[in-house]
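As provided, my_file.cif (mmCIF, C-alpha atoms) reads as follows.
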```
data_query
loop_
_atom_site.label_atom_id
_atom_site.label_comp_id
_atom_site.auth_asym_id
_atom_site.auth_seq_id
_atom_site.Cartn_x
_atom_site.Cartn_y
_atom_site.Cartn_z
CA CYS A 24 0.00 0.00 0.00
CA ARG A 25 1.06 3.61 -0.44
CA VAL A 26 1.12 4.22 3.32
CA CYS A 27 3.64 1.45 3.75
CA VAL A 28 5.76 2.87 0.95
CA SER A 29 5.68 6.32 2.57
CA LEU A 30 6.74 4.91 5.90
CA PHE A 31 9.58 3.00 4.26
CA MET A 32 10.73 6.14 2.44
CA TRP A 33 10.68 8.10 5.71
CA ALA A 34 12.78 5.40 7.40
CA CYS A 35 15.28 5.50 4.55
CA ILE A 36 15.62 9.26 4.85
CA GLN A 37 16.17 9.02 8.61
CA MET A 38 18.83 6.35 8.12
CA LEU A 39 20.52 8.51 5.51
CA LEU A 40 20.63 11.48 7.88
CA SER A 41 22.00 9.27 10.66
CA LEU A 42 24.79 7.99 8.42
CA LEU A 43 25.74 11.50 7.34
CA THR A 44 25.80 12.65 10.99
CA LEU A 45 27.97 9.68 11.93
CA LEU A 46 30.38 10.48 9.11
CA PHE A 47 30.69 14.08 10.33
CA ILE A 48 31.28 13.08 13.96
CA ILE A 49 33.91 10.43 13.24
CA THR A 50 35.90 12.64 10.89
CA SER A 51 35.75 15.58 13.30
CA PRO A 52 38.99 16.32 15.20
CA LEU A 53 36.91 16.75 18.36
CA HIS A 54 35.50 13.23 18.23
CA PRO A 55 35.56 11.76 21.79
CA PHE A 56 37.41 8.65 20.68
CA SER A 57 40.37 10.84 19.79
CA HIS A 58 40.79 12.31 23.29
CA HIS A 59 42.85 11.16 26.19
CA TYR A 60 43.38 12.43 29.68
CA SER A 61 46.61 13.40 31.40
CA ILE A 62 47.85 15.52 34.29
CA SER A 63 50.49 18.22 34.10
CA PRO A 64 51.62 19.26 37.58
CA SER A 65 53.43 22.53 37.99
CA THR A 66 57.18 22.21 38.39
CA SER A 67 57.26 24.85 41.12
CA PRO A 68 54.77 26.70 43.33
CA LEU A 69 53.27 29.32 41.02
CA ASN A 70 52.68 32.70 42.70
CA ALA A 71 52.85 30.95 46.04
CA GLY A 72 51.32 33.88 47.97
CA ARG A 73 48.70 34.89 45.44
CA TYR A 74 45.73 32.90 46.76
CA TYR A 75 46.66 32.25 50.39
CA SER A 76 48.84 33.74 53.06
CA TRP A 77 49.93 31.44 55.87
CA ARG A 78 51.70 31.30 59.21
CA SER A 79 53.15 28.47 61.27
CA PHE A 80 52.98 28.05 65.03
CA GLY A 81 55.14 25.93 67.29
CA PRO A 82 54.59 24.19 70.63
CA ASP A 83 55.18 27.41 72.60
CA ASP A 84 52.69 29.54 70.64
CA GLN A 85 49.30 30.15 72.24
CA ARG A 86 47.73 30.16 68.77
CA THR A 87 48.58 26.46 68.42
CA ASP A 88 46.17 25.53 71.20
CA GLU A 89 43.54 27.95 69.88
CA LEU A 90 43.53 26.33 66.44
CA TRP A 91 43.10 22.78 67.74
CA VAL A 92 39.41 21.76 67.68
CA ASP A 93 38.65 19.38 70.52
CA LEU A 94 36.19 16.91 69.03
CA ASN A 95 35.39 15.57 72.50
CA ASP A 96 33.87 18.94 73.40
CA LEU A 97 30.16 18.65 72.61
CA GLU A 98 29.88 22.43 72.30
CA HIS A 99 31.53 22.21 68.88
CA GLY A 100 28.74 20.00 67.51
CA GLN A 101 28.06 16.39 66.66
CA VAL A 102 31.10 14.32 65.71
CA ARG A 103 30.75 11.48 63.19
CA MET A 104 33.17 8.59 63.04
CA HIS A 105 33.37 7.17 59.52
CA GLY A 106 33.13 3.42 60.04
CA ILE A 107 34.50 2.43 56.65
CA LEU A 108 37.42 4.87 56.56
CA SER A 109 38.34 3.89 60.12
CA ASN A 110 38.64 0.22 59.19
CA THR A 111 40.20 0.21 55.71
CA HIS A 112 43.36 1.17 53.86
CA ARG A 113 43.56 3.53 50.84
CA GLN A 114 39.88 4.45 50.87
CA ALA A 115 38.14 7.74 50.12
CA ALA A 116 34.61 8.87 50.94
CA LYS A 117 32.57 11.82 49.66
CA VAL A 118 30.95 13.99 52.32
CA ALA A 119 28.51 16.86 51.81
CA LEU A 120 29.20 20.15 53.58
CA SER A 121 26.51 22.15 55.32
CA PHE A 122 27.92 25.40 53.91
CA ASP A 123 29.59 26.67 50.76
CA PHE A 124 33.33 26.52 51.32
CA PRO A 125 35.47 28.89 49.21
CA PHE A 126 38.53 27.09 47.85
CA TYR A 127 40.71 29.19 45.54
CA GLY A 128 37.63 31.36 44.99
CA HIS A 129 35.40 28.41 43.99
CA TYR A 130 32.51 27.59 46.30
CA LEU A 131 32.35 23.85 47.02
CA ARG A 132 29.61 21.92 48.77
CA GLN A 133 31.17 18.45 48.67
CA ILE A 134 34.62 17.12 49.54
CA THR A 135 36.29 13.69 49.61
CA ILE A 136 38.03 12.45 52.75
CA ALA A 137 40.89 9.99 52.23
CA THR A 138 42.49 7.64 54.74
CA GLY A 139 45.90 8.91 53.58
CA GLY A 140 45.75 12.13 55.60
CA PHE A 141 44.29 14.50 53.00
CA ILE A 142 41.03 15.88 51.60
CA PHE A 143 40.46 15.72 47.85
CA MET A 144 38.76 18.92 46.65
CA GLY A 145 38.15 18.03 43.00
CA GLU A 146 34.65 17.86 41.58
CA VAL A 147 35.49 14.83 39.43
CA THR A 148 37.47 11.89 40.79
CA HIS A 149 40.40 11.12 38.48
CA ARG A 150 43.20 8.58 38.40
CA MET A 151 45.80 10.69 40.16
CA LEU A 152 43.89 11.38 43.36
CA THR A 153 47.00 12.49 45.26
CA ALA A 154 48.43 14.64 42.44
CA THR A 155 46.53 17.90 42.86
CA GLN A 156 43.31 19.56 44.08
CA TYR A 157 43.88 18.68 47.71
CA ILE A 158 44.04 19.99 51.26
CA ALA A 159 46.74 17.89 52.89
CA PRO A 160 47.78 18.36 56.50
CA LEU A 161 49.96 15.24 56.10
CA MET A 162 49.50 13.08 53.03
CA ALA A 163 51.11 9.67 53.55
CA ASN A 164 50.40 5.94 53.40
CA PHE A 165 48.32 5.70 56.58
CA ASP A 166 46.47 2.46 57.31
CA PRO A 167 43.59 2.90 59.82
CA SER A 168 42.68 -0.79 59.45
CA PHE A 169 45.77 -1.85 61.40
CA SER A 170 44.38 -0.96 64.82
CA LYS A 171 40.94 -0.57 66.37
CA GLU A 172 42.25 2.59 68.01
CA SER A 173 42.71 4.28 64.60
CA ILE A 174 39.79 6.58 63.82
CA VAL A 175 38.87 8.90 60.95
CA GLN A 176 36.15 11.27 62.16
CA TYR A 177 34.72 14.64 61.21
CA LEU A 178 32.56 17.48 62.51
CA ASP A 179 30.37 20.01 60.69
CA ASN A 180 28.60 22.71 62.70
CA GLY A 181 27.81 25.10 59.86
CA GLU A 182 30.78 27.37 60.55
CA VAL A 183 33.68 24.93 60.40
CA PHE A 184 34.24 21.45 58.97
CA VAL A 185 36.94 19.45 60.77
CA VAL A 186 38.50 16.13 59.73
CA GLN A 187 40.66 14.34 62.28
CA TRP A 188 42.95 11.38 61.66
CA GLU A 189 43.43 9.96 65.13
CA ARG A 190 46.06 7.39 66.11
CA VAL A 191 46.63 6.29 62.51
CA ARG A 192 49.81 4.40 61.61
CA LEU A 193 51.95 4.19 58.50
CA HIS A 194 51.44 1.06 56.43
CA GLY A 195 54.41 -1.26 56.92
CA ARG A 196 55.82 0.92 59.71
CA GLU A 197 53.08 0.48 62.26
CA ALA A 198 55.49 -0.11 65.16
CA GLU A 199 57.05 3.33 64.77
CA GLY A 200 54.11 5.16 66.33
CA ALA A 201 50.63 6.62 65.85
CA TYR A 202 49.84 10.00 64.25
CA THR A 203 47.05 12.36 65.30
CA PHE A 204 46.32 15.52 63.34
CA GLN A 205 43.40 17.43 61.80
CA ALA A 206 42.39 19.87 59.08
CA ALA A 207 39.71 22.52 59.60
CA LEU A 208 37.80 24.27 56.78
CA HIS A 209 36.17 27.48 57.97
CA LEU A 210 33.18 29.27 56.47
CA THR A 211 35.39 32.31 55.82
CA GLY A 212 37.75 30.27 53.62
CA THR A 213 40.45 29.98 56.28
CA ILE A 214 42.15 26.57 56.46
CA THR A 215 44.06 25.29 59.48
CA PHE A 216 46.30 22.27 60.05
CA SER A 217 46.83 21.14 63.63
CA TYR A 218 49.17 18.38 64.81
CA ARG A 219 49.10 16.60 68.18
CA ASP A 220 51.24 13.48 67.76
CA ILE A 221 53.94 13.23 65.08
CA PRO A 222 56.28 10.36 66.13
CA LEU A 223 58.60 10.63 63.11
CA PRO A 224 59.91 13.59 61.12
CA VAL A 225 58.05 13.94 57.82
CA GLU A 226 61.35 13.81 55.94
CA VAL A 227 61.90 10.15 56.84
CA ILE A 228 58.46 8.97 55.68
CA SER A 229 58.86 6.92 52.50
CA SER A 230 57.07 8.06 49.34
CA ALA A 231 57.78 4.84 47.41
CA GLU A 232 54.21 3.52 47.68
CA HIS A 233 52.31 6.72 48.41
CA GLN A 234 53.04 10.40 47.86
CA VAL A 235 54.07 12.40 50.93
CA LYS A 236 52.92 16.03 50.87
CA ALA A 237 51.67 18.81 53.11
CA GLY A 238 49.91 21.89 51.78
CA LEU A 239 47.29 23.03 49.28
CA SER A 240 46.83 22.57 45.55
CA ASP A 241 44.30 23.30 42.82
CA ALA A 242 44.05 22.67 39.08
CA PHE A 243 41.86 23.29 36.03
CA MET A 244 40.95 20.95 33.19
CA VAL A 245 41.19 21.92 29.50
CA ASN A 246 40.95 20.29 26.07
CA LEU A 247 44.09 20.92 24.03
CA PRO A 248 45.18 19.84 20.53
CA SER A 249 47.80 17.12 20.42
CA PRO A 250 51.17 18.12 18.91
CA GLN A 251 51.43 14.69 17.25
CA SER A 252 48.07 14.77 15.51
CA SER A 253 44.85 16.70 15.05
CA ASP A 254 43.32 14.83 17.98
CA ALA A 255 42.60 16.60 21.25
CA GLN A 256 43.80 15.84 24.76
CA ARG A 257 42.01 16.38 28.03
CA ARG A 258 44.59 17.66 30.46
CA LEU A 259 44.52 18.67 34.11
CA TYR A 260 46.84 21.59 34.90
CA GLU A 261 47.96 22.39 38.42
CA TYR A 262 47.93 26.18 38.37
CA HIS A 263 48.82 26.74 42.02
CA ARG A 264 50.35 24.87 44.93
CA VAL A 265 51.38 25.68 48.48
CA ASP A 266 54.09 23.43 49.94
CA ILE A 267 54.60 24.06 53.65
CA ASP A 268 57.90 23.56 55.45
CA THR A 269 57.53 19.98 56.69
CA THR A 270 60.35 20.46 59.21
CA LYS A 271 57.89 22.56 61.21
CA ILE A 272 55.39 19.68 61.46
CA THR A 273 56.05 18.47 64.99
CA ASN A 274 54.11 17.56 68.10
CA ASN A 275 51.79 20.43 69.07
CA SER A 276 52.30 22.55 65.97
CA ALA A 277 49.88 24.26 63.57
CA PHE A 278 49.52 26.14 60.27
CA GLU A 279 46.90 28.75 59.41
CA PHE A 280 46.05 29.65 55.79
CA THR A 281 44.09 32.84 55.11
CA ALA A 282 42.26 33.06 51.78
CA LEU A 283 43.15 36.17 49.77
CA PRO A 284 40.73 38.02 47.45
CA THR A 285 40.39 36.59 43.93
CA CYS A 286 39.03 37.94 40.67
CA LEU A 287 36.11 35.51 40.89
CA GLN A 288 34.60 37.40 43.83
CA HIS A 289 33.87 40.52 41.73
CA ASP A 290 30.36 40.46 40.29
CA SER A 291 30.50 43.56 38.07
CA CYS A 292 32.72 44.98 35.37
CA GLU A 293 33.50 48.11 37.38
CA LEU A 294 34.63 46.18 40.47
CA CYS A 295 36.53 43.70 38.34
CA LEU A 296 38.64 46.39 36.68
CA SER A 297 39.03 48.92 39.47
CA SER A 298 39.46 46.86 42.66
CA ASN A 299 42.77 47.35 44.45
CA LEU A 300 42.38 43.96 46.16
CA THR A 301 43.16 41.99 42.98
CA SER A 302 45.29 42.41 39.85
CA GLY A 303 45.28 41.07 36.30
CA CYS A 304 41.50 40.64 36.28
CA THR A 305 39.48 40.61 33.06
CA TRP A 306 35.72 41.03 32.74
CA CYS A 307 34.00 38.60 30.37
CA ASN A 308 30.67 40.10 29.33
CA ILE A 309 29.10 36.99 27.84
CA LEU A 310 29.86 34.95 30.97
CA GLN A 311 29.27 37.87 33.34
CA ARG A 312 32.38 36.76 35.18
CA CYS A 313 35.58 38.33 36.43
CA SER A 314 38.71 36.21 36.19
CA ASP A 315 42.40 36.18 35.39
CA GLY A 316 41.84 33.04 33.31
CA MET A 317 43.58 30.80 35.84
CA ASP A 318 40.79 28.96 37.62
CA ARG A 319 38.54 25.93 37.22
CA HIS A 320 36.51 27.72 34.52
CA ARG A 321 39.54 27.88 32.23
CA GLN A 322 38.03 25.87 29.35
CA GLU A 323 34.93 28.05 29.23
CA TRP A 324 37.14 31.12 29.39
CA LEU A 325 39.03 29.94 26.32
CA ASP A 326 35.92 28.85 24.41
CA TYR A 327 34.40 32.33 24.66
CA ALA A 328 37.69 34.18 24.01
CA CYS A 329 37.31 36.05 27.31
CA SER A 330 41.02 36.89 27.51
CA GLU A 331 40.53 39.30 24.61
CA GLU A 332 37.96 41.42 26.45
CA VAL A 333 38.23 44.38 28.81
CA GLU A 334 41.27 44.42 31.10
CA LEU A 335 42.87 47.11 33.23
CA ASP A 336 46.22 45.71 34.23
CA ASN A 337 48.51 48.60 35.03
CA VAL A 338 48.69 51.59 37.30
CA ASN A 339 48.07 54.17 34.55
CA GLU A 340 44.84 52.52 33.46
CA ARG A 341 43.72 52.19 37.09
CA SER A 342 44.24 55.92 37.53
CA HIS A 343 41.59 56.69 34.90
CA THR A 344 38.50 58.47 36.07
CA LEU A 345 35.40 56.53 37.04
CA HIS A 346 33.71 58.00 34.00
CA ALA A 347 36.29 56.47 31.67
CA LEU A 348 35.91 53.15 33.44
CA TYR A 349 32.14 53.36 33.06
CA ILE A 350 32.48 54.05 29.32
CA LYS A 351 34.83 51.07 28.86
CA CYS A 352 32.50 48.67 30.70
CA LYS A 353 29.43 50.12 28.96
CA SER A 354 30.93 49.62 25.50
CA GLN A 355 31.83 46.06 26.41
CA SER A 356 28.27 45.29 27.56
CA GLN A 357 26.93 46.35 24.14
CA LEU A 358 28.96 43.73 22.28
CA PRO A 359 26.92 40.88 20.75
CA LEU A 360 26.78 37.68 22.75
CA LEU A 361 28.74 35.23 20.65
CA LYS A 362 28.69 31.47 20.73
CA PRO A 363 31.78 29.56 21.87
CA GLN A 364 34.63 29.31 19.41
CA PHE A 365 34.72 25.55 19.80
CA PRO A 366 31.95 22.99 20.24
CA SER A 367 31.40 22.00 23.85
CA ILE A 368 32.21 18.40 24.78
CA ILE A 369 30.32 16.94 27.73
CA TRP A 370 32.20 14.23 29.61
CA THR A 371 30.29 12.06 32.04
CA ASP A 372 33.44 10.40 33.34
CA VAL A 373 37.11 11.26 32.99
CA LYS A 374 37.97 7.57 32.81
CA THR A 375 37.54 7.43 29.05
CA ALA A 376 38.85 4.96 26.54
CA PRO A 377 42.45 5.18 25.32
CA PRO A 378 43.06 7.60 22.47
CA ARG A 379 42.04 6.28 19.11
CA HIS A 380 44.03 7.89 16.35
CA LEU A 381 42.29 7.91 13.00
CA ASP A 382 44.66 8.16 10.09
CA GLY A 383 43.83 8.79 6.46
CA SER A 384 43.13 5.12 5.64
CA ALA A 385 40.63 4.90 8.49
CA HIS A 386 38.78 7.96 7.23
CA THR A 387 38.77 6.52 3.72
CA GLY A 388 37.23 3.29 4.98
CA VAL A 389 34.49 5.15 6.82
CA ILE A 390 33.65 7.27 3.78
CA ALA A 391 33.57 4.18 1.55
CA GLY A 392 31.19 2.47 3.95
CA VAL A 393 28.85 5.45 3.99
CA VAL A 394 28.88 5.67 0.19
CA ALA A 395 28.05 1.95 -0.07
CA ALA A 396 25.16 2.43 2.34
CA LEU A 397 23.84 5.32 0.26
CA VAL A 398 23.95 3.20 -2.90
CA LEU A 399 22.06 0.43 -1.11
CA LEU A 400 19.41 2.87 0.11
CA LEU A 401 18.99 4.24 -3.40
CA ALA A 402 18.54 0.71 -4.79
CA LEU A 403 15.92 -0.14 -2.15
CA THR A 404 14.06 3.10 -2.84
CA LEU A 405 13.93 2.41 -6.60
CA LEU A 406 12.76 -1.17 -5.93
CA THR A 407 9.99 0.09 -3.67
CA LEU A 408 8.82 2.60 -6.27
CA TYR A 409 8.79 -0.14 -8.90
CA ILE A 410 6.69 -2.45 -6.72
CA ASN A 411 4.28 0.35 -5.91
CA SER A 412 3.81 1.27 -9.60
CA HIS A 413 3.40 -2.43 -10.63
CA PRO A 414 0.90 -3.95 -8.22
CA SER A 415 0.77 -7.17 -10.22
CA ALA A 416 4.44 -7.81 -9.67
CA ALA A 417 5.16 -10.44 -7.07
CA SER A 418 6.62 -8.94 -3.93
CA PRO A 419 9.67 -10.63 -2.55
CA PRO A 420 8.97 -12.66 0.59
CA TYR A 421 11.11 -10.46 2.81
CA PHE A 422 8.89 -7.45 2.02
CA LEU A 423 5.81 -9.35 3.18
CA GLN A 424 7.19 -10.30 6.61
CA ARG A 425 6.74 -8.13 9.67
CA ARG A 426 10.00 -7.64 11.51
CA ASN A 427 10.93 -5.71 14.62
CA SER A 428 13.27 -2.86 13.85
CA TYR A 429 16.48 -2.68 15.89
CA TRP A 430 18.73 0.34 15.54
CA PRO A 431 22.35 -0.21 16.49
CA SER A 432 23.52 1.78 19.51
CA MET A 433 26.96 3.33 19.98
CA LYS A 434 28.56 3.00 23.39
CA PHE A 435 31.77 4.48 24.72
CA ARG A 436 33.68 1.75 26.52
CA LYS A 437 35.34 2.86 29.73
CA GLN A 438 38.88 1.94 30.59
CA GLU A 439 39.14 0.11 33.90
CA PHE A 440 41.87 1.18 36.25
CA HIS A 441 43.32 -0.77 39.16
CA SER A 442 42.57 1.68 41.91
CA GLY A 443 45.00 2.61 44.61
CA TYR A 444 42.15 4.38 46.40
CA ALA A 445 38.66 2.93 46.41
CA GLU A 446 35.88 5.46 46.68
CA VAL A 447 33.10 4.91 49.20
CA GLU A 448 29.73 6.20 48.00
CA VAL A 449 27.94 7.76 50.95
CA GLU A 450 24.27 8.68 50.82
CA GLY A 451 23.82 11.18 53.62
CA HIS A 452 26.38 9.81 56.06
CA GLU A 453 25.44 6.18 56.51
CA LYS A 454 25.39 4.33 53.18
CA GLU A 455 28.26 1.90 52.73
CA GLY A 456 28.92 1.23 49.05
CA ILE A 457 32.30 0.87 47.39
CA MET A 458 33.22 1.82 43.84
CA GLU A 459 36.48 2.19 41.98
CA ALA A 460 37.97 5.66 41.99
CA GLY A 461 41.21 5.31 40.04
CA GLN A 462 44.94 4.98 40.53
CA CYS A 463 46.55 7.40 42.95
#
```
Can you turn what I pasted into structure tokens?
Amino acid sequence: CRVCVSLFMWACIQMLLSLLTLLFIITSPLHPFSHHYSISPSTSPLNAGRYYSWRSFGPDDQRTDELWVDLNDLEHGQVRMHGILSNTHRQAAKVALSFDFPFYGHYLRQITIATGGFIFMGEVTHRMLTATQYIAPLMANFDPSFSKESIVQYLDNGEVFVVQWERVRLHGREAEGAYTFQAALHLTGTITFSYRDIPLPVEVISSAEHQVKAGLSDAFMVNLPSPQSSDAQRRLYEYHRVDIDTTKITNNSAFEFTALPTCLQHDSCELCLSSNLTSGCTWCNILQRCSDGMDRHRQEWLDYACSEEVELDNVNERSHTLHALYIKCKSQSQLPLLKPQFPSIIWTDVKTAPPRHLDGSAHTGVIAGVVAALVLLLALTLLTLYINSHPSAASPPYFLQRRNSYWPSMKFRKQEFHSGYAEVEVEGHEKEGIMEAGQC
């Protein structure tokens, strides 16, 4: 019947469009199969005092006792002991905060506590958990499962979030003593490290099986073209790191980090360009954001060419009158809102498949396959038209059978990693599920 012919023609057209779309995606240099993920740590602390200022306190300083949060004091709030972290080795658990904590100017509502003496601050768990994006009072290969006395516990009273590693021992060196220390994240953005028991100097702790660090770090993720091919890479760049003097980590010592103003805190063009609290800030009109381009929004900053917009970076420009500043911001706000320079790529998981490099022969094979499919579709269409215009002609048996239609689905296969840290999924605070988090 003619209705059946029309339906068949519509299906052929849809298949044709699907094949053309597939051809465009596969030959595109931004095809997900052509990406891979890597981490580029900074070789030295970049602008070490730009985001935080810090002070250290020894056993004789009164401030040391003031910074220690006594979790046994009920006035501070309810303390939660994490049962899984307190009984396992190389585990990490996500915990929701009751307040927005500013970390390098980014407001975070969820953190990841690790048994290894650090807090992972990244939004996406990646393979190198200990590499960057951390708050580490003492990152080392601690094993709370060795003793029932070892406890990982935390407190959140709405003004401060405290994680305490209590009587934890180094894996393989358990007889050398137990460590007790804590990290406190304050609503104001201040971070404190407090140490009660440090039986060994940090310098003698081995980093052969686990990184040993103390300090802060953050990074941004960008998609960059590969120098070897037209394929793109997904790379995590550590743009800032604070390494504290580990010789000052002793019994009854402390560090206090004070968050400094960042470009991200300015919510208008005028404040962004004229504030004396920050420098090197640029106002991006389309994003309505102030930044120096070095933060977790780096990829979006590049996509919208924000670095080419309004910037007042020197003393002479800052000395301009408010009227001149108003004119500069006003002219910028009248620019058309452009689309990103590059198509956005949404990644649901950083643990993607290995890079698949498509050379010229591979592209040729794909094009040949699409052309063959088009020829087949054309032949089927002509055959259908012939049968419709010659009702007396005998229809082939396969046109008379009803068949269920199955469209092939494309799936991106994930690469499995042998995790050094296993992530514990926590719903609220009580759920005990374990999933792989990636190699540390």
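All residues of protein, DNA or RNA that reach within 8 Å of Thr285 of chain A, judged by only C-alpha atoms and not counting those fewer than 4 positions away in the chain, are Tyr74, Tyr127, Gly128, His289, Leu300, Thr301 and Ser314 of chain A.
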Matched chain/residue IDs from the PyMOL selection byres ((chain A and resi 268) around 9), as a list in words: Ser79, Ala237, Gly238, Asp266, Ile267, Thr269, Thr270, Lys271 and Ile272 of chain A
Judged by all atoms listed in the file, the minimum distance to Val175 of chain A among A:Leu90, A:Leu108, A:Cys329, A:Val102 is found for A:Leu108
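Here, the PyMOL selection byres ((chain A and resi 274) around 7) matches A:Tyr218, A:Arg219, A:Asp220, A:Ile221, A:Thr273, A:Asn275, A:Ser276.
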To one decimal place, how far is atom CA of Phe126 of chain A from atom CA of Gly212 of chain A in Å?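 Taking atom CA of Phe126 of chain A as the start and atom CA of Gly212 of chain A as the end point, the length is 6.6 Å.
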Arg132 of chain A surroundings by only C-alpha atoms, 9 Å radius, close-in-sequence under 5 positions cut, as a PyMOL selection string: chain A and resi 118-124
Take the residues just selected and output them with C-alpha atoms as a compact mmCIF listing (two decimals), in the frame of the given file.
```
# COMPACT_ATOMS: atom_id res chain seq x y z
CA VAL A 118 30.95 13.99 52.32
CA ALA A 119 28.51 16.86 51.81
CA LEU A 120 29.20 20.15 53.58
CA SER A 121 26.51 22.15 55.32
CA PHE A 122 27.92 25.40 53.91
CA ASP A 123 29.59 26.67 50.76
CA PHE A 124 33.33 26.52 51.32
```
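For the pair atom CA of Arg257 of chain A and atom CA of Ala115 of chain A, the interatomic distance is 24.0 Å.
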As a check of understanding: the span from atom CA of Ile214 of chain A to atom CA of Phe243 of chain A is 20.7 Å
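Remark: for Arg190 of chain A, the closest of the candidate residues A:Ile158, A:Thr135, A:Ser109, A:Val227 is A:Ser109 (distances computed over all atoms listed in the file).
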What's the 10 Å shell around Tyr202 of chain A, counting only C-alpha atoms, without same-chain residues fewer than 2 positions away, as a list in words?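 So, after excluding close chain neighbours, the residues are Gly140, Leu161, Phe165, Ser173, Trp188, Glu189, Arg190, Val191, Arg192, Leu193, Glu199, Gly200, Phe204, Tyr218, Arg219, Asp220, Ile221, Pro222, Leu223 and Asn274 of chain A.
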Using all atoms listed in the file, pick whichever of A:Cys307, A:Ala206, A:Leu325, A:Ala282 has the shortest atom-to-atom distance to Gln187 of chain A. A:Ala206
Let me have the centre and edge lengths in Å, one decimal, of the box along x, y and z around every listed atom of segment 187-196 of chain A with 6 Å of margin on each side, as lines of an AutoDock Vina configuration file.
```
center_x = 48.2
center_y = 6.5
center_z = 61.3
size_x = 27.2
size_y = 27.6
size_z = 21.7
```
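Proximity to Ser240 of chain A was assessed for A:Gly145, A:Pro125, A:Gly195, A:Pro284 counting only C-alpha atoms; the smallest distance is recorded for A:Gly145.
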Give me, as a PyMOL selection string, all polymer residues having an atom no more than 9 Å from His105 of chain A, counting all atoms listed in the file and skipping those fewer than 3 positions away in the same chain. chain A and resi 108-110+116+174-177+452-453
Write segment 266-277 of chain A as a tab-separated table (two decimals), keeping the file's coordinate frame, completed to N, CA, C and O atoms.
```
chain	number	residue	atom	x	y	z
A	266	ASP	N	53.34	24.46	49.23
A	266	ASP	CA	54.09	23.43	49.94
A	266	ASP	C	54.61	24.03	51.24
A	266	ASP	O	55.43	24.95	51.22
A	267	ILE	N	54.14	23.52	52.37
A	267	ILE	CA	54.60	24.06	53.65
A	267	ILE	C	55.92	23.42	54.05
A	267	ILE	O	56.30	22.36	53.55
A	268	ASP	N	56.61	24.06	54.95
A	268	ASP	CA	57.90	23.56	55.45
A	268	ASP	C	57.61	22.39	56.39
A	268	ASP	O	57.16	22.56	57.52
A	269	THR	N	57.87	21.17	55.91
A	269	THR	CA	57.53	19.98	56.69
A	269	THR	C	58.40	19.82	57.94
A	269	THR	O	58.05	19.07	58.83
A	270	THR	N	59.52	20.55	58.00
A	270	THR	CA	60.35	20.46	59.21
A	270	THR	C	59.65	21.10	60.41
A	270	THR	O	60.03	20.85	61.57
A	271	LYS	N	58.64	21.91	60.13
A	271	LYS	CA	57.89	22.56	61.21
A	271	LYS	C	56.69	21.73	61.66
A	271	LYS	O	55.95	22.17	62.55
A	272	ILE	N	56.46	20.57	61.02
A	272	ILE	CA	55.39	19.68	61.46
A	272	ILE	C	55.93	18.81	62.58
A	272	ILE	O	56.66	17.84	62.37
A	273	THR	N	55.58	19.17	63.80
A	273	THR	CA	56.05	18.47	64.99
A	273	THR	C	54.88	18.28	65.95
A	273	THR	O	53.76	18.71	65.66
A	274	ASN	N	55.13	17.65	67.06
A	274	ASN	CA	54.11	17.56	68.10
A	274	ASN	C	53.68	18.97	68.52
A	274	ASN	O	54.52	19.85	68.72
A	275	ASN	N	52.35	19.15	68.63
A	275	ASN	CA	51.79	20.43	69.07
A	275	ASN	C	52.25	21.60	68.20
A	275	ASN	O	52.82	22.59	68.68
A	276	SER	N	52.01	21.47	66.92
A	276	SER	CA	52.30	22.55	65.97
A	276	SER	C	51.05	22.82	65.13
A	276	SER	O	50.08	22.04	65.16
A	277	ALA	N	51.06	23.91	64.36
A	277	ALA	CA	49.88	24.26	63.57
A	277	ALA	C	50.26	25.20	62.43
A	277	ALA	O	51.30	25.88	62.48
```
